[in-house]
$ cat input-v4.txt   # compact mmCIF, C-alpha atoms and all ligand atoms
# COMPACT_ATOMS: atom_id res chain seq x y z
CA MET A 1 93.51 -44.02 -121.06
CA PRO A 2 91.84 -40.79 -119.76
CA GLU A 3 93.93 -37.77 -120.69
CA HIS A 4 93.66 -34.16 -119.46
CA ASP A 5 95.73 -31.00 -119.51
CA VAL A 6 95.27 -30.70 -115.75
CA LEU A 7 94.48 -33.57 -113.43
CA VAL A 8 93.29 -32.47 -109.98
CA ILE A 9 93.37 -35.17 -107.32
CA GLY A 10 91.00 -34.16 -104.54
CA ALA A 11 87.67 -32.36 -104.76
CA GLY A 12 87.45 -30.48 -101.47
CA LEU A 13 87.56 -26.69 -101.44
CA ALA A 14 91.16 -26.54 -102.70
CA GLY A 15 90.70 -29.06 -105.51
CA GLN A 16 87.39 -27.69 -106.77
CA ARG A 17 88.68 -24.12 -106.70
CA ALA A 18 91.81 -25.18 -108.62
CA ALA A 19 89.74 -27.09 -111.20
CA LEU A 20 87.53 -24.07 -111.71
CA SER A 21 90.51 -21.78 -112.34
CA ALA A 22 92.08 -24.23 -114.78
CA ALA A 23 88.78 -24.61 -116.65
CA ARG A 24 88.38 -20.84 -116.87
CA GLU A 25 91.82 -20.70 -118.55
CA GLY A 26 90.58 -23.14 -121.18
CA ALA A 27 92.38 -26.27 -119.98
CA SER A 28 90.73 -29.68 -120.15
CA VAL A 29 90.42 -30.77 -116.53
CA GLY A 30 89.87 -34.08 -114.78
CA ILE A 31 89.03 -33.98 -111.07
CA ILE A 32 89.23 -37.15 -109.00
CA SER A 33 87.78 -37.78 -105.56
CA LYS A 34 87.67 -40.95 -103.48
CA VAL A 35 84.34 -39.78 -102.03
CA HIS A 36 81.54 -37.81 -103.65
CA PRO A 37 82.99 -34.25 -103.90
CA VAL A 38 80.48 -32.66 -101.53
CA ARG A 39 81.38 -35.28 -98.92
CA SER A 40 84.98 -34.07 -98.92
CA HIS A 41 86.22 -33.11 -95.51
CA SER A 42 85.95 -29.37 -96.29
CA ASN A 43 82.27 -30.03 -95.66
CA ALA A 44 83.07 -30.06 -91.93
CA ALA A 45 84.53 -26.53 -91.80
CA GLN A 46 82.31 -24.63 -89.43
CA GLY A 47 83.57 -21.27 -88.28
CA GLY A 48 84.42 -19.26 -91.39
CA ILE A 49 87.09 -17.77 -93.59
CA ASN A 50 89.37 -14.80 -92.89
CA ALA A 51 89.73 -11.70 -95.07
CA ALA A 52 90.56 -8.09 -94.20
CA LEU A 53 87.63 -6.69 -96.18
CA ASN A 54 86.28 -4.17 -93.73
CA PRO A 55 87.61 -0.64 -94.53
CA GLU A 56 88.78 -0.28 -90.90
CA ASP A 57 90.82 -3.45 -91.23
CA SER A 58 93.90 -3.96 -93.44
CA TRP A 59 95.76 -6.82 -95.07
CA GLU A 60 98.85 -5.67 -93.16
CA SER A 61 97.07 -6.25 -89.85
CA HIS A 62 95.85 -9.67 -91.05
CA ALA A 63 99.41 -10.48 -92.15
CA TYR A 64 100.94 -9.37 -88.85
CA ASP A 65 98.44 -11.47 -86.86
CA THR A 66 99.26 -14.45 -89.09
CA VAL A 67 103.02 -14.02 -88.67
CA LYS A 68 102.63 -13.67 -84.90
CA GLY A 69 100.17 -16.58 -84.74
CA SER A 70 102.69 -18.73 -86.63
CA ASP A 71 105.14 -18.13 -83.76
CA PHE A 72 107.14 -16.07 -86.29
CA LEU A 73 107.92 -19.24 -88.25
CA GLY A 74 105.59 -18.61 -91.22
CA ASP A 75 106.91 -17.56 -94.64
CA GLN A 76 106.21 -13.83 -94.66
CA ASP A 77 106.20 -13.44 -98.47
CA ALA A 78 103.59 -16.18 -98.79
CA ILE A 79 101.57 -14.71 -95.91
CA GLU A 80 101.53 -11.34 -97.68
CA ILE A 81 100.03 -12.91 -100.81
CA MET A 82 97.37 -14.81 -98.84
CA CYS A 83 96.31 -11.72 -96.87
CA ARG A 84 96.36 -9.34 -99.85
CA GLU A 85 94.30 -11.67 -102.05
CA ALA A 86 91.82 -12.91 -99.43
CA PRO A 87 89.30 -10.02 -99.77
CA ASP A 88 88.94 -10.44 -103.56
CA GLU A 89 88.68 -14.20 -103.22
CA LEU A 90 85.97 -13.85 -100.58
CA LEU A 91 83.98 -11.48 -102.81
CA GLU A 92 84.42 -13.85 -105.73
CA LEU A 93 82.91 -16.68 -103.66
CA GLU A 94 80.08 -14.36 -102.65
CA HIS A 95 79.40 -13.48 -106.29
CA MET A 96 79.35 -17.17 -107.19
CA GLY A 97 76.51 -17.56 -104.70
CA VAL A 98 77.86 -18.34 -101.23
CA THR A 99 75.28 -16.95 -98.81
CA PHE A 100 77.66 -15.37 -96.31
CA HIS A 101 76.07 -13.97 -93.16
CA ARG A 102 74.92 -10.35 -93.42
CA ASN A 103 74.60 -7.88 -90.58
CA PRO A 104 71.41 -5.86 -89.86
CA GLU A 105 72.62 -3.18 -92.33
CA GLY A 106 72.72 -5.80 -95.08
CA LEU A 107 76.52 -5.82 -95.34
CA LEU A 108 78.69 -8.89 -95.01
CA GLY A 109 79.00 -9.54 -91.27
CA THR A 110 81.99 -10.91 -89.40
CA ARG A 111 82.74 -12.81 -86.22
CA ALA A 112 85.87 -12.72 -84.07
CA PHE A 113 88.34 -15.62 -84.21
CA GLY A 114 91.39 -16.54 -82.16
CA GLY A 115 94.60 -14.57 -82.58
CA ALA A 116 92.97 -11.92 -84.78
CA SER A 117 93.16 -8.26 -83.84
CA ALA A 118 89.96 -7.50 -85.79
CA ALA A 119 86.74 -9.45 -86.40
CA ARG A 120 87.51 -10.59 -89.96
CA THR A 121 85.99 -14.06 -90.17
CA TYR A 122 83.18 -14.30 -92.75
CA TYR A 123 80.79 -17.18 -92.26
CA VAL A 124 77.61 -19.02 -93.10
CA ALA A 125 76.18 -19.91 -89.65
CA ASP A 126 78.46 -22.79 -88.57
CA ILE A 127 78.35 -24.61 -91.90
CA THR A 128 80.71 -22.38 -93.88
CA GLY A 129 82.65 -25.20 -95.57
CA GLN A 130 79.50 -27.00 -96.64
CA ALA A 131 78.04 -23.80 -98.07
CA ILE A 132 81.16 -23.02 -100.14
CA LEU A 133 81.65 -26.62 -101.25
CA HIS A 134 78.14 -26.85 -102.71
CA VAL A 135 78.48 -23.55 -104.56
CA LEU A 136 81.83 -24.58 -106.07
CA TYR A 137 80.36 -27.93 -107.11
CA GLU A 138 77.55 -26.12 -108.93
CA GLN A 139 80.13 -23.95 -110.67
CA LEU A 140 82.08 -27.02 -111.79
CA MET A 141 78.91 -28.57 -113.22
CA LYS A 142 78.57 -25.52 -115.49
CA HIS A 143 81.95 -26.29 -117.10
CA SER A 144 81.70 -29.07 -119.68
CA GLU A 145 85.51 -29.15 -119.98
CA VAL A 146 85.71 -30.47 -116.42
CA ARG A 147 85.27 -34.23 -116.17
CA ARG A 148 84.50 -35.43 -112.66
CA TYR A 149 85.69 -38.85 -111.50
CA GLU A 150 83.63 -39.34 -108.36
CA GLU A 151 84.50 -42.24 -106.06
CA TRP A 152 87.80 -42.99 -107.77
CA PHE A 153 90.77 -43.71 -105.49
CA THR A 154 94.26 -42.63 -106.56
CA THR A 155 96.98 -44.98 -105.36
CA GLY A 156 100.12 -43.51 -106.93
CA LEU A 157 101.65 -40.83 -109.15
CA VAL A 158 103.48 -41.50 -112.39
CA LEU A 159 106.76 -39.97 -113.57
CA ASP A 160 107.90 -39.98 -117.21
CA GLU A 161 111.48 -40.74 -118.27
CA SER A 162 112.52 -37.12 -117.64
CA GLY A 163 111.19 -37.12 -114.08
CA HIS A 164 108.11 -35.01 -114.97
CA CYS A 165 104.87 -35.95 -113.19
CA ALA A 166 102.76 -37.30 -116.04
CA GLY A 167 99.65 -38.70 -114.38
CA ALA A 168 98.26 -41.00 -111.72
CA ILE A 169 97.08 -44.54 -111.15
CA THR A 170 93.52 -44.65 -109.90
CA ARG A 171 90.96 -47.29 -108.97
CA ASP A 172 87.30 -46.95 -109.91
CA LEU A 173 85.65 -47.86 -106.61
CA ARG A 174 82.42 -48.99 -108.26
CA ASP A 175 83.94 -51.93 -110.13
CA GLY A 176 87.49 -52.18 -108.76
CA SER A 177 89.16 -51.59 -112.13
CA MET A 178 92.47 -49.70 -112.31
CA GLU A 179 93.07 -46.85 -114.74
CA LEU A 180 96.18 -44.90 -115.72
CA PHE A 181 95.41 -41.18 -116.10
CA LYS A 182 97.69 -39.10 -118.29
CA ALA A 183 98.10 -35.34 -117.70
CA LYS A 184 100.40 -32.43 -118.54
CA SER A 185 100.25 -31.38 -114.91
CA VAL A 186 98.87 -32.85 -111.72
CA ILE A 187 97.51 -30.89 -108.74
CA LEU A 188 97.31 -32.72 -105.44
CA ALA A 189 94.51 -31.39 -103.22
CA THR A 190 94.00 -34.46 -101.07
CA GLY A 191 93.59 -32.78 -97.67
CA GLY A 192 95.11 -33.46 -94.26
CA ASN A 193 96.34 -36.46 -92.28
CA GLY A 194 94.39 -36.11 -89.01
CA GLN A 195 93.70 -39.83 -88.81
CA CYS A 196 97.33 -40.34 -87.76
CA PHE A 197 96.24 -38.93 -84.37
CA LYS A 198 93.64 -39.70 -81.76
CA PRO A 199 91.35 -37.98 -80.95
CA THR A 200 91.03 -35.87 -84.06
CA THR A 201 88.39 -33.56 -85.49
CA ASN A 202 89.19 -34.95 -88.95
CA ALA A 203 86.98 -37.47 -90.73
CA LEU A 204 88.00 -41.07 -91.43
CA ILE A 205 88.93 -40.07 -95.00
CA CYS A 206 91.73 -37.70 -93.84
CA THR A 207 94.56 -40.19 -94.23
CA GLY A 208 97.30 -38.08 -95.83
CA ASP A 209 97.19 -40.03 -99.13
CA GLY A 210 98.51 -37.20 -101.30
CA ILE A 211 101.32 -36.35 -98.90
CA SER A 212 102.60 -39.93 -99.00
CA MET A 213 102.13 -40.28 -102.78
CA ALA A 214 104.17 -37.13 -103.37
CA TYR A 215 106.87 -38.26 -100.93
CA ARG A 216 107.13 -41.64 -102.67
CA ILE A 217 108.07 -39.95 -105.96
CA GLY A 218 110.64 -37.70 -104.31
CA ALA A 219 108.75 -34.49 -103.50
CA PRO A 220 110.11 -32.95 -100.28
CA LEU A 221 107.72 -32.39 -97.37
CA MET A 222 107.98 -29.41 -95.02
CA ASP A 223 106.93 -28.51 -91.44
CA MET A 224 105.66 -32.03 -90.74
CA GLU A 225 106.39 -31.53 -87.03
CA MET A 226 103.87 -28.67 -86.88
CA VAL A 227 100.59 -30.26 -85.82
CA GLN A 228 97.68 -28.17 -84.62
CA TYR A 229 95.57 -29.07 -81.61
CA HIS A 230 92.17 -27.36 -81.47
CA PRO A 231 91.14 -26.27 -77.96
CA THR A 232 87.49 -27.31 -78.10
CA THR A 233 86.82 -30.90 -79.13
CA LEU A 234 84.49 -33.38 -77.48
CA ALA A 235 86.18 -35.88 -75.18
CA GLY A 236 86.02 -39.39 -76.59
CA ASN A 237 85.16 -38.75 -80.23
CA GLY A 238 87.07 -35.53 -81.04
CA LEU A 239 84.08 -33.81 -82.64
CA LEU A 240 84.73 -30.12 -83.13
CA ILE A 241 82.98 -27.33 -81.25
CA THR A 242 83.79 -24.39 -83.50
CA GLU A 243 86.05 -21.54 -82.41
CA GLY A 244 83.05 -19.47 -83.48
CA ALA A 245 81.58 -20.32 -80.06
CA ARG A 246 84.40 -18.40 -78.34
CA GLY A 247 84.16 -15.81 -81.11
CA GLU A 248 80.54 -15.27 -80.05
CA GLY A 249 81.69 -14.82 -76.42
CA ALA A 250 81.79 -18.29 -74.77
CA HIS A 251 84.01 -18.73 -71.67
CA LEU A 252 86.32 -21.52 -70.54
CA TYR A 253 86.28 -22.75 -66.93
CA ASN A 254 88.23 -25.35 -64.98
CA ALA A 255 86.61 -27.67 -62.44
CA LEU A 256 87.20 -25.06 -59.68
CA GLY A 257 85.01 -22.60 -61.60
CA GLU A 258 88.00 -20.40 -62.51
CA ARG A 259 88.08 -18.65 -65.89
CA PHE A 260 91.65 -19.87 -66.27
CA MET A 261 92.58 -17.99 -69.47
CA GLU A 262 93.05 -14.93 -67.22
CA LYS A 263 96.33 -16.54 -66.15
CA TYR A 264 97.60 -17.48 -69.61
CA ALA A 265 96.41 -14.69 -71.95
CA PRO A 266 94.88 -11.83 -69.91
CA ASN A 267 94.30 -9.65 -72.99
CA LYS A 268 92.93 -12.07 -75.56
CA MET A 269 91.47 -14.52 -73.00
CA GLU A 270 89.54 -17.31 -74.80
CA LEU A 271 90.45 -15.76 -78.18
CA ALA A 272 94.19 -16.28 -77.83
CA SER A 273 95.59 -18.39 -80.66
CA ARG A 274 94.78 -22.09 -80.69
CA ASP A 275 98.19 -23.31 -79.53
CA VAL A 276 98.04 -20.98 -76.50
CA VAL A 277 94.50 -22.00 -75.50
CA SER A 278 95.16 -25.72 -76.06
CA ARG A 279 98.32 -25.61 -73.91
CA ALA A 280 96.48 -23.68 -71.19
CA GLU A 281 93.68 -26.26 -71.08
CA GLN A 282 96.10 -29.18 -70.99
CA THR A 283 98.09 -27.52 -68.19
CA GLU A 284 94.90 -27.14 -66.14
CA ILE A 285 94.01 -30.79 -66.78
CA ASN A 286 97.55 -32.06 -66.04
CA GLU A 287 97.75 -30.07 -62.79
CA GLY A 288 94.50 -31.54 -61.48
CA ARG A 289 92.13 -28.63 -62.08
CA GLY A 290 90.20 -30.40 -64.84
CA PHE A 291 87.10 -32.59 -64.54
CA PRO A 292 87.47 -36.34 -63.80
CA ASP A 293 86.86 -37.14 -67.50
CA GLY A 294 90.05 -35.21 -68.40
CA THR A 295 88.29 -32.10 -69.68
CA VAL A 296 87.54 -28.45 -68.92
CA ALA A 297 84.23 -26.70 -69.54
CA LEU A 298 83.13 -24.45 -72.40
CA ASP A 299 80.26 -22.24 -71.29
CA ILE A 300 78.15 -21.07 -74.24
CA THR A 301 75.21 -20.11 -72.01
CA VAL A 302 76.69 -16.58 -71.79
CA VAL A 303 75.86 -16.12 -75.52
CA PRO A 304 72.23 -15.01 -76.04
CA ARG A 305 70.09 -18.05 -76.89
CA LYS A 306 68.68 -16.46 -80.07
CA ARG A 307 72.20 -15.80 -81.31
CA VAL A 308 73.27 -19.39 -80.57
CA HIS A 309 70.38 -20.74 -82.64
CA GLU A 310 71.18 -18.33 -85.46
CA ALA A 311 74.99 -18.55 -85.61
CA LEU A 312 75.92 -21.84 -83.91
CA ARG A 313 73.01 -24.10 -84.77
CA GLU A 314 75.12 -27.07 -85.88
CA ILE A 315 76.96 -27.29 -82.57
CA VAL A 316 73.62 -27.17 -80.76
CA ASN A 317 72.95 -30.44 -82.60
CA VAL A 318 76.47 -31.80 -81.93
CA GLY A 319 76.13 -31.07 -78.19
CA ARG A 320 72.71 -32.71 -78.01
CA ASP A 321 73.44 -35.77 -80.19
CA PHE A 322 77.02 -36.57 -79.17
CA ALA A 323 77.32 -35.30 -75.56
CA GLY A 324 73.69 -35.21 -74.38
CA VAL A 325 74.12 -31.53 -73.48
CA ASP A 326 71.90 -28.56 -74.35
CA ILE A 327 74.65 -25.97 -74.89
CA THR A 328 72.15 -23.13 -74.48
CA LYS A 329 71.50 -24.28 -70.88
CA GLU A 330 74.69 -25.84 -69.52
CA PRO A 331 78.47 -25.90 -70.15
CA ILE A 332 79.88 -28.66 -72.31
CA HIS A 333 83.07 -30.62 -71.47
CA ILE A 334 85.86 -30.26 -74.00
CA LYS A 335 89.59 -30.88 -74.39
CA PRO A 336 92.28 -30.23 -77.02
CA GLY A 337 92.20 -32.55 -80.04
CA ASN A 338 94.22 -32.94 -83.23
CA HIS A 339 92.85 -30.63 -85.89
CA TYR A 340 95.14 -29.45 -88.69
CA ALA A 341 98.39 -30.38 -90.45
CA MET A 342 100.42 -27.20 -90.86
CA GLY A 343 103.02 -29.21 -92.75
CA GLY A 344 102.68 -30.99 -96.06
CA ILE A 345 104.08 -31.12 -99.58
CA LYS A 346 106.58 -28.29 -99.97
CA THR A 347 105.49 -25.79 -102.62
CA ASP A 348 106.39 -22.32 -103.83
CA VAL A 349 103.80 -19.52 -103.84
CA ASP A 350 102.41 -20.83 -107.16
CA GLY A 351 101.80 -24.28 -105.70
CA GLN A 352 104.69 -25.85 -107.65
CA THR A 353 106.42 -28.71 -105.86
CA GLU A 354 110.00 -29.71 -106.51
CA VAL A 355 108.84 -32.42 -108.94
CA PRO A 356 108.23 -30.83 -112.38
CA GLY A 357 104.56 -30.97 -113.35
CA LEU A 358 103.38 -31.66 -109.79
CA TYR A 359 101.50 -28.99 -107.84
CA ALA A 360 99.83 -29.08 -104.44
CA ALA A 361 97.13 -26.95 -102.79
CA GLY A 362 95.03 -26.89 -99.64
CA GLU A 363 95.79 -28.77 -96.44
CA CYS A 364 98.08 -31.35 -98.11
CA ALA A 365 100.38 -28.52 -99.28
CA CYS A 366 102.82 -26.41 -97.30
CA VAL A 367 104.11 -23.02 -98.42
CA SER A 368 104.32 -22.28 -94.71
CA VAL A 369 101.71 -19.55 -94.37
CA HIS A 370 100.96 -21.21 -91.01
CA GLY A 371 104.47 -21.75 -89.64
CA GLY A 372 104.16 -23.28 -86.15
CA ASN A 373 100.45 -22.56 -85.71
CA ARG A 374 97.60 -21.83 -88.09
CA LEU A 375 95.17 -19.09 -87.09
CA GLY A 376 91.60 -20.38 -87.18
CA ALA A 377 89.81 -19.56 -90.48
CA ASN A 378 93.08 -18.72 -92.28
C1 LIG B 401 85.92 -30.02 -88.14
C2 LIG B 401 86.75 -29.02 -88.89
C3 LIG B 401 86.36 -27.69 -88.97
C4 LIG B 401 87.12 -26.76 -89.68
N1 LIG B 401 86.71 -25.46 -89.75
C5 LIG B 401 87.43 -24.57 -90.48
C6 LIG B 401 87.00 -23.21 -90.60
O1 LIG B 401 85.98 -22.82 -90.05
N2 LIG B 401 87.75 -22.38 -91.33
C7 LIG B 401 88.90 -22.79 -91.97
O2 LIG B 401 89.55 -21.99 -92.64
N3 LIG B 401 89.31 -24.07 -91.87
C8 LIG B 401 88.61 -24.96 -91.14
N4 LIG B 401 89.05 -26.25 -91.04
C9 LIG B 401 90.18 -26.68 -91.84
C10 LIG B 401 89.72 -26.80 -93.30
O3 LIG B 401 88.38 -27.21 -93.33
C11 LIG B 401 90.54 -27.80 -94.09
O4 LIG B 401 91.90 -27.54 -93.92
C12 LIG B 401 90.19 -27.68 -95.56
O5 LIG B 401 88.81 -27.80 -95.76
C13 LIG B 401 90.91 -28.75 -96.35
O6 LIG B 401 90.49 -28.62 -97.68
P1 LIG B 401 91.19 -29.42 -98.81
O7 LIG B 401 90.47 -29.09 -100.07
O8 LIG B 401 92.65 -29.21 -98.75
O9 LIG B 401 90.96 -30.97 -98.43
P2 LIG B 401 89.63 -31.82 -98.17
O10 LIG B 401 88.41 -31.02 -98.09
O11 LIG B 401 89.96 -32.76 -97.06
O12 LIG B 401 89.50 -32.65 -99.52
C14 LIG B 401 90.37 -33.69 -99.85
C15 LIG B 401 89.89 -34.29 -101.14
O13 LIG B 401 90.85 -35.24 -101.60
C16 LIG B 401 90.21 -36.44 -101.95
N5 LIG B 401 91.19 -37.52 -101.77
C17 LIG B 401 92.01 -37.73 -100.71
N6 LIG B 401 92.78 -38.81 -100.92
C18 LIG B 401 92.43 -39.29 -102.16
C19 LIG B 401 92.86 -40.38 -102.94
N7 LIG B 401 93.79 -41.24 -102.52
N8 LIG B 401 92.28 -40.56 -104.15
C20 LIG B 401 91.33 -39.72 -104.60
N9 LIG B 401 90.86 -38.68 -103.90
C21 LIG B 401 91.42 -38.46 -102.69
C22 LIG B 401 89.01 -36.52 -101.03
O14 LIG B 401 88.02 -37.36 -101.57
C23 LIG B 401 88.57 -35.05 -101.04
O15 LIG B 401 87.79 -34.78 -102.18
C24 LIG B 401 88.31 -27.18 -90.31
C25 LIG B 401 88.72 -28.50 -90.22
C26 LIG B 401 87.96 -29.42 -89.50
C27 LIG B 401 88.45 -30.81 -89.38

$ encode --input "input-v4.txt" --output "structure tokens"
Amino acid sequence: MPEHDVLVIGAGLAGQRAALSAAREGASVGIISKVHPVRSHSNAAQGGINAALNPEDSWESHAYDTVKGSDFLGDQDAIEIMCREAPDELLELEHMGVTFHRNPEGLLGTRAFGGASAARTYYVADITGQAILHVLYEQLMKHSEVRRYEEWFTTGLVLDESGHCAGAITRDLRDGSMELFKAKSVILATGGNGQCFKPTTNALICTGDGISMAYRIGAPLMDMEMVQYHPTTLAGNGLLITEGARGEGAHLYNALGERFMEKYAPNKMELASRDVVSRAEQTEINEGRGFPDGTVALDITVVPRKRVHEALREIVNVGRDFAGVDITKEPIHIKPGNHYAMGGIKTDVDGQTEVPGLYAAGECACVSVHGGNRLGAN
């Protein structure tokens, strides 16, 4: 029976980062993933990661934007911690080796994101998640006390007689055998549940496994009604066109050629928060000002071509391969699509759930930093 101090279920950004911290504290760690860790869905994160690092910015401003973006439903104590700690965490990732974009002066460069009153999104082109995931994986490989169980599928959690979470039941996908893992504490980092919806930007593996496993052993869930729709997804398959496109200056038009965000958010325009832009698009479509395929248009041609190839190169490929559109030459048709689960397993600010010994982190968890709407890159 494999036995660890800490058993992390999920090896996306949240799980790998948690495993690294536990290993640094000297714990023996097992980390389980149903897919190879660098194929975790965090790999798909495009636009970047928010931190008020610039001296002209402040964590208070980041926190206020987050509270406002959450429709004033987020937990303000938790939001304060996230916004205060984000700059140090970003620098830590940079020191580990994440090649964040640098501006012409050689300093870390930012892009604007929706709902933010300052450009505070740090990024690696439009492959930020992939870049961080690979660096974290390298870091984990350095730690011999971390045992990786790659392509193992957890099917349930185990409670001991006192109601303490004591491990998990997991199937080795290579030979089908079942194994009982024993642990002093278990961290769920199993990601979101986007596959409950259609269309969604989430991969086929985002099936909410951890959320249901926790619920089955009595852990309360929170904010499950809060589901984020991203404003720019491809009609038909839900593939994401990053908010970074609007951050770089792209415009939204209806079929009448009107830049309709003037009506809905005259100050922030296309960079209003995601819920506002998604509702505006859907209103245009519902009221007959969309295109016949039930979409509106995202015009990236207003962004200089060189900049598109430098900062948005992945969506150049997505546009070409999945919509047959050269986004540097013509607008691309998009519509709102399911994107993010604000809700999840209820935790406190230390990730502790209401089941002793069970913790949760990342998209499967909910301490309600996002309230009714998550700001992109938060
Ligand atoms: C297309 C896209 C773009 C995004 N862009 C951004 C962005 O730019 N900035 C930003 O901040 N956020 C972005 N997000 C959101 C963000 O990427 C995710 O919320 C985040 O990466 C989730 O990380 P995670 O570690 O919680 O889960 P995931 O990365 O989804 O990892 C889940 C892990 O759990 C494992 N797992 C799940 N179930 C089981 C099981 N039963 N047994 C064993 N293992 C299991 C999986 O194998 C995987 O390793 C984006 C999301 C999408 C869909």

$ atom_distance --input "input-v4.txt" --atom1 "atom CA of Asp126 of chain A" --atom2 "atom CA of Ala44 of chain A"
9.2 Å

$ closest_residue --input "input-v4.txt" --among "A:Leu140, A:Val369, A:Leu90, A:Ala189" --to "ligand LIG 401 (chain B)" --atoms "all atoms listed in the file"
A:Ala189

$ atom_distance --input "input-v4.txt" --atom1 "atom P1 of ligand LIG 401 (chain B)" --atom2 "atom CA of Tyr137 of chain A"
13.7 Å

$ closest_residue --input "input-v4.txt" --among "A:Ile332, A:Leu221, A:Ala51, A:Val227" --to "Asn193 of chain A" --atoms "only C-alpha atoms"
A:Val227

$ residues_near_ligand --input "input-v4.txt" --ligand "ligand LIG 401 (chain B)" --cutoff "7 Å" --atoms "all atoms listed in the file" --output "PyMOL selection string"
chain A and resi 9-15+32-37+40-49+128-129+152-155+189-192+201-203+205-206+208-210+239-240+242+339-340+361-364+376-378

$ decode --input "input-v4.txt" --residues "segment 223-247 of chain A" --atoms "C-alpha atoms" --output "PDB file, in the first residue's frame"
ATOM      1  CA  ASP A 223     -20.936  28.890  -5.005  1.00  0.00           C
ATOM      2  CA  MET A 224     -21.821  26.067  -7.408  1.00  0.00           C
ATOM      3  CA  GLU A 225     -24.332  28.358  -9.138  1.00  0.00           C
ATOM      4  CA  MET A 226     -21.529  30.739 -10.146  1.00  0.00           C
ATOM      5  CA  VAL A 227     -20.447  29.626 -13.616  1.00  0.00           C
ATOM      6  CA  GLN A 228     -18.281  31.818 -15.806  1.00  0.00           C
ATOM      7  CA  TYR A 229     -18.917  32.341 -19.499  1.00  0.00           C
ATOM      8  CA  HIS A 230     -15.934  33.650 -21.468  1.00  0.00           C
ATOM      9  CA  PRO A 231     -16.846  36.229 -24.122  1.00  0.00           C
ATOM     10  CA  THR A 232     -14.589  34.983 -26.916  1.00  0.00           C
ATOM     11  CA  THR A 233     -14.904  31.311 -27.802  1.00  0.00           C
ATOM     12  CA  LEU A 234     -15.202  29.781 -31.247  1.00  0.00           C
ATOM     13  CA  ALA A 235     -18.729  28.845 -32.291  1.00  0.00           C
ATOM     14  CA  GLY A 236     -19.138  25.091 -32.547  1.00  0.00           C
ATOM     15  CA  ASN A 237     -16.139  23.815 -30.613  1.00  0.00           C
ATOM     16  CA  GLY A 238     -15.761  26.372 -27.781  1.00  0.00           C
ATOM     17  CA  LEU A 239     -12.030  26.869 -28.332  1.00  0.00           C
ATOM     18  CA  LEU A 240     -10.761  29.897 -26.458  1.00  0.00           C
ATOM     19  CA  ILE A 241      -9.548  33.103 -28.058  1.00  0.00           C
ATOM     20  CA  THR A 242      -7.654  34.632 -25.159  1.00  0.00           C
ATOM     21  CA  GLU A 243      -8.784  37.805 -23.415  1.00  0.00           C
ATOM     22  CA  GLY A 244      -5.219  38.869 -24.212  1.00  0.00           C
ATOM     23  CA  ALA A 245      -6.533  39.689 -27.707  1.00  0.00           C
ATOM     24  CA  ARG A 246      -8.795  42.400 -26.256  1.00  0.00           C
ATOM     25  CA  GLY A 247      -5.978  43.292 -23.858  1.00  0.00           C
TER      26      GLY A 247
END
